[in-house]
Every structure is written in structure tokens, then in C-alpha cells.
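Visitor: I have a structure I would like to understand better, so I am pasting it below and will then ask my questions one at a time.
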Amino acid sequence: MTSSQDVDTIKSPNSDPEPSINPLDELPGEVEMSIFDHLEELRQRIFYSLIVVVVGIIGCFIVVKPLVQLLEIPAHGVKFLQLAPGEFFFVSMKVAAYGGLILTTPFILYQIIQFVLPGLTVRERRLVIPVVLGSSILFVCGLIFAYTALIPAALQFFINYGADVVEQLWSIDKYFDFVLLLLFTTGLAFQVPVIQILLATLGIVSSKIMLKGWRYVIMTAVVLGAILTPSTDPLTQSLLAGAVLGLYFGGIGLVKLTGK
């Protein structure tokens, strides 16, 4: 016969119940794919993205002269020279390449999202649309800020500095290297709030930690202002550093609103 203690032991095991999985952390509609299927899908999405980028570049090249004239507006009163045969042609290619890449960025982001979406949980999928939308808006805001504030300030500094010594005749190639690089780097710098919200949502840092490290952020913003701006004038660097700081503290406010 079995003793009563043995019967109680069998009826009341000490094993803990398995913890329930949060539905937000599950993978909806999970489909098993082999490594070759993933590589094939990646190849197709890269191919589609390249085709769209090429079409965008060709479209921008068709209307490149109005684009060039638009980007020349901040250099008031400066005459541009073509110092070598074909210099303006290669400048046109650069402008078309940057313009085509910027115009087709939403399609590229869409392809990236479609590729990684099957591996995201419900919670992570809810972040996709706000992050992509916010990133796109901030990038455009960065372009507008660079075009309306940074580029005119930098050019005016250089024009005034040598106005009584040299005549302002600039190489069109060097000018567009300066303008296009400043536009692109400023657009990237404006992604700071998106990065903050992602880090807070993933539980890596909180708004308190972000606010606590404000001294390091100021130093980093000054360094970024010096690195990202192709010019060496302090005014442009200060404007970009100030914009990065404003975006950082604005990002802290957004993170606080989310309760993180």
C-alpha cells in the first residue's frame, strides 16, 4: 500500500506553472523560411530598390538645372565657374544622385520593413509606422533647416570674411560638394529623437538617464557640429550643435510622455 504522504506528494507536485507569454511579444502569423528563402527575398528587395533609385536619379537628372538653380540661391551674388571640361556635368550627376536617393528613400524603407517584418513581435510592429514616419519627417526638417539656416549662415560668413580682399568666384564643383554634404549630414543629425524613442521603448535607457547625462550630450553635440559641418566657421557649427541639443531635449520630453 502507498502511504498518505506519498499520495499527497503525487497529487501536489512542487513544479511551478509555466509563465504565460504576453500576446504583444508573440510573432503573429509566423512562417518558417529557410536561409535560402531569406537570401532570395533579400536579393529581390535589393533589386527592386536599385531599380527605383535608378529611375529616381534619371528623373532628377531630367530636371537637374532647376534643382541646381534652387541650390544656388543661398549664395547671393556669387558667380560660379566651370574650371574644367565637364565639371558642371559631374555636378549635375551628383545633384541628381542625391535627389534621386532622397526621393526614393520611402520606398527603400518600405522594402526594409517588409523584409524584417516577419521577425518582429506585435509590440515591435506597432513601432514601425511611427518610427518610419517620424524619421522621414525629421529628415525633411533637417534638409529645410540646412537650406534656410546653416547654408546661408556659412556662405555669408565666408563672403563677408574675404569681401574686401578677393572677388567671389567659386568653383561650382566645390560649392555643391559643400552644400550637398551639409544637407545630408544635417538630415542625419535630425534623427536624434527617433533614436531616443527607440532606445526608451526597448528598455535600454530611460528619460531620467538621458537627462542625467546632459553634460556629455553637450560635449557630443559640439563634436558632432564640428564633424558634420564641412565648413570650419564657428557659426555653422554652433547652429548645428544647438539644433542637435534642442532635438535631444525635445526627445526627452517625448520619451517622458510615453511614460518611460
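How things are named: the first chain in the C-alpha cells is A, the next is B, and so on; residues count from 1 in each chain; ligands count from 1 in the order shown.
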Find the residues near region 40-52 of chain A: any atom within 9 Å, counting only C-alpha atoms, skip ones fewer than 3 places away on the same chain, and give them as a list of chain:residue names.
Guide: A:Ile35, A:Phe36, A:Asp37, A:Val55, A:Gly56, A:Ile57, A:Gly100, A:Thr104, A:Phe107, A:Ile108, A:Gln111, A:Ile112, A:Gln114, A:Phe115
Visitor: Excluding region 154-169 of chain A and residues on its chain fewer than 6 positions from it, collect all residues at most 8 Å away from it, counting only C-alpha atoms, and give them as a ChimeraX atom specification.
Guide: /A:74-75,78-81,231,233,235-236
Visitor: Filtering to N, CA, C and O atoms, could you give me those residues as a CSV table (one decimal), in the first residue's frame?
Guide:
chain,number,residue,atom,x,y,z
A,74,PRO,N,21.1,80.2,-52.0
A,74,PRO,CA,21.7,80.8,-50.8
A,74,PRO,C,23.0,81.5,-51.0
A,74,PRO,O,23.4,82.3,-50.2
A,75,ALA,N,23.7,81.3,-52.1
A,75,ALA,CA,24.9,82.1,-52.4
A,75,ALA,C,24.6,83.3,-53.2
A,75,ALA,O,24.8,83.4,-54.4
A,78,VAL,N,27.1,85.5,-55.8
A,78,VAL,CA,28.4,84.8,-56.1
A,78,VAL,C,28.3,84.2,-57.5
A,78,VAL,O,27.3,83.7,-57.9
A,79,LYS,N,29.4,84.4,-58.3
A,79,LYS,CA,29.4,83.8,-59.6
A,79,LYS,C,30.1,82.4,-59.6
A,79,LYS,O,31.1,82.3,-58.9
A,80,PHE,N,29.6,81.5,-60.3
A,80,PHE,CA,30.1,80.1,-60.3
A,80,PHE,C,30.9,79.9,-61.6
A,80,PHE,O,30.4,80.3,-62.7
A,81,LEU,N,32.0,79.2,-61.5
A,81,LEU,CA,32.8,79.0,-62.6
A,81,LEU,C,33.0,77.5,-62.9
A,81,LEU,O,33.0,76.7,-61.9
A,231,SER,N,32.2,73.0,-43.3
A,231,SER,CA,32.9,74.3,-43.2
A,231,SER,C,33.6,74.3,-41.8
A,231,SER,O,33.3,73.5,-40.9
A,233,ASP,N,33.7,77.3,-40.1
A,233,ASP,CA,33.3,78.5,-39.3
A,233,ASP,C,32.6,78.2,-38.1
A,233,ASP,O,31.8,77.2,-38.1
A,235,LEU,N,30.1,79.7,-36.6
A,235,LEU,CA,28.7,80.0,-36.6
A,235,LEU,C,27.9,78.8,-37.1
A,235,LEU,O,26.9,78.4,-36.4
A,236,THR,N,28.3,78.1,-38.2
A,236,THR,CA,27.6,77.0,-38.7
A,236,THR,C,27.7,75.8,-37.7
A,236,THR,O,26.7,75.1,-37.5
Visitor: Pick out the closest residue to Val255 (chain A) from this set: A:Leu240, A:Leu199, A:Leu83, A:Tyr175. Count only C-alpha atoms.
Guide: A:Leu199
Visitor: Have a look at CA of Pro118 (chain A) and CA of Leu39 (chain A) and let me know their distance in Å, one decimal.
Guide: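 Pair CA of Pro118 (chain A) / CA of Leu39 (chain A) returns 14.1 Å.
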Visitor: As an NGL selection string, please: the residues near Tyr248 (chain A) (cut-off 8 Å, only C-alpha atoms, same-chain neighbours under 4 positions excluded).
Guide: :A and (192-193 or 196 or 244 or 252)
Visitor: Please, what distance in Å, to one decimal, runs between CA of Ile204 (chain A) and CA of Leu239 (chain A)?
Guide: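 Going from CA of Ile204 (chain A) over to CA of Leu239 (chain A), I get 29.5 Å.
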Visitor: List the spatial neighbours of Cys60 (chain A) as a PyMOL selection string - criterion: any atom at most 9 Å away, only C-alpha atoms, same-chain residues fewer than 5 positions off excluded.
Guide: chain A and resi 55+67+95-100
Visitor: Produce a table with one row for each residue of region 46-110 of chain A that has an atom at most 9 Å from any atom of region 128-141 of chain A, each row naming the nearest atom pair and its distance in Å at one decimal; use only C-alpha atoms; arrange rows by chain and rising residue number; format as a Markdown table.
Guide:
| residue | atom | partner | partner_atom | distance |
| --- | --- | --- | --- | --- |
| A:Thr105 | CA | A:Ser136 | CA | 8.5 |
| A:Pro106 | CA | A:Ser136 | CA | 7.7 |
| A:Leu109 | CA | A:Val132 | CA | 7.5 |
| A:Tyr110 | CA | A:Val132 | CA | 8.8 |
Visitor: For the selection just defined, write its residues with N, CA and C atoms to a file, as a compact mmCIF listing (two decimals), in the first residue's frame.
Guide:
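Once written, result-v9.txt looks like this:
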# COMPACT_ATOMS: atom_id res chain seq x y z
N THR A 105 13.84 57.25 -50.85
CA THR A 105 14.07 56.71 -49.50
C THR A 105 12.82 56.05 -48.91
N PRO A 106 11.60 56.63 -49.06
CA PRO A 106 10.42 55.94 -48.53
C PRO A 106 10.23 54.53 -49.10
N LEU A 109 12.82 52.26 -47.45
CA LEU A 109 12.40 51.93 -46.09
C LEU A 109 11.27 50.90 -46.10
N TYR A 110 10.36 51.03 -47.05
CA TYR A 110 9.26 50.07 -47.16
C TYR A 110 9.81 48.66 -47.44
Visitor: Can you work out which one of A:Leu254, A:Ile144, A:Leu71, A:Leu103 has the shortest atom-to-atom distance to Ala200 (chain A), counting only C-alpha atoms?
Guide: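 For Ala200 (chain A), the nearest of the given residues is A:Leu254.
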Visitor: What does the structure give for the distance between CA of Arg126 (chain A) and CA of Leu211 (chain A), in Å to one decimal?
Guide: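 Distance reported for this atom pair: 25.9 Å.
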Visitor: Report as a ChimeraX atom specification: the residues of region 1-235 of chain A with a DSSP assignment of strand (DSSP E or B), based on the backbone of this structure.
Guide: /A:79-81,169-171
Visitor: With DSSP run on the backbone, what are the helix (DSSP H, G or I) residues within region 64-250 of chain A? I'd like them as an MDAnalysis selection string.
Guide: chainID A and resid 64:72 87:103 105:119 122:161 172:189 192:201 207:212 214:228 234:250
Visitor: Under the rule that only C-alpha atoms are counted, which of A:Val53, A:Val116, A:Ala226, A:Ile62 is the nearest residue to Thr186 (chain A)?
Guide: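 Of A:Val53, A:Val116, A:Ala226, A:Ile62, the one nearest Thr186 (chain A), counting only C-alpha atoms, is A:Ala226.
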Visitor: Near Ala221 (chain A), counting only C-alpha atoms, which residues have an atom at most 8 Å away, once you skip same-chain residues fewer than 2 positions from it, shown as number ranges by chain?
Guide: A: 217-219, 223-225, 241-242, 244-245
Visitor: With N, CA and C atoms kept, could you save the residues just selected as a PDB file, in the first residue's frame?
Guide:
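Contents of part03.pdb, freshly written:
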ATOM      1  N   VAL A 217      26.134  65.053 -23.361  1.00  0.00           N
ATOM      2  CA  VAL A 217      25.386  65.341 -24.586  1.00  0.00           C
ATOM      3  C   VAL A 217      25.835  66.664 -25.191  1.00  0.00           C
ATOM      4  N   ILE A 218      26.064  67.669 -24.349  1.00  0.00           N
ATOM      5  CA  ILE A 218      26.531  68.960 -24.852  1.00  0.00           C
ATOM      6  C   ILE A 218      27.886  68.815 -25.535  1.00  0.00           C
ATOM      7  N   MET A 219      28.784  68.063 -24.899  1.00  0.00           N
ATOM      8  CA  MET A 219      30.101  67.849 -25.487  1.00  0.00           C
ATOM      9  C   MET A 219      29.989  67.086 -26.810  1.00  0.00           C
ATOM     10  N   VAL A 223      30.999  68.284 -30.693  1.00  0.00           N
ATOM     11  CA  VAL A 223      31.867  67.477 -31.553  1.00  0.00           C
ATOM     12  C   VAL A 223      31.161  67.137 -32.862  1.00  0.00           C
ATOM     13  N   LEU A 224      29.877  66.764 -32.778  1.00  0.00           N
ATOM     14  CA  LEU A 224      29.119  66.460 -33.989  1.00  0.00           C
ATOM     15  C   LEU A 224      29.007  67.689 -34.891  1.00  0.00           C
ATOM     16  N   GLY A 225      28.798  68.852 -34.272  1.00  0.00           N
ATOM     17  CA  GLY A 225      28.721  70.071 -35.063  1.00  0.00           C
ATOM     18  C   GLY A 225      30.005  70.345 -35.822  1.00  0.00           C
ATOM     19  N   ALA A 241      25.081  72.355 -33.666  1.00  0.00           N
ATOM     20  CA  ALA A 241      25.154  71.830 -32.303  1.00  0.00           C
ATOM     21  C   ALA A 241      23.932  72.240 -31.493  1.00  0.00           C
ATOM     22  N   GLY A 242      23.492  73.489 -31.654  1.00  0.00           N
ATOM     23  CA  GLY A 242      22.295  73.944 -30.951  1.00  0.00           C
ATOM     24  C   GLY A 242      21.053  73.193 -31.394  1.00  0.00           C
ATOM     25  N   VAL A 244      20.976  70.107 -32.572  1.00  0.00           N
ATOM     26  CA  VAL A 244      21.067  68.742 -32.025  1.00  0.00           C
ATOM     27  C   VAL A 244      20.664  68.741 -30.554  1.00  0.00           C
ATOM     28  N   LEU A 245      21.114  69.740 -29.799  1.00  0.00           N
ATOM     29  CA  LEU A 245      20.740  69.820 -28.380  1.00  0.00           C
ATOM     30  C   LEU A 245      19.238  70.019 -28.220  1.00  0.00           C
TER      31      LEU A 245
END
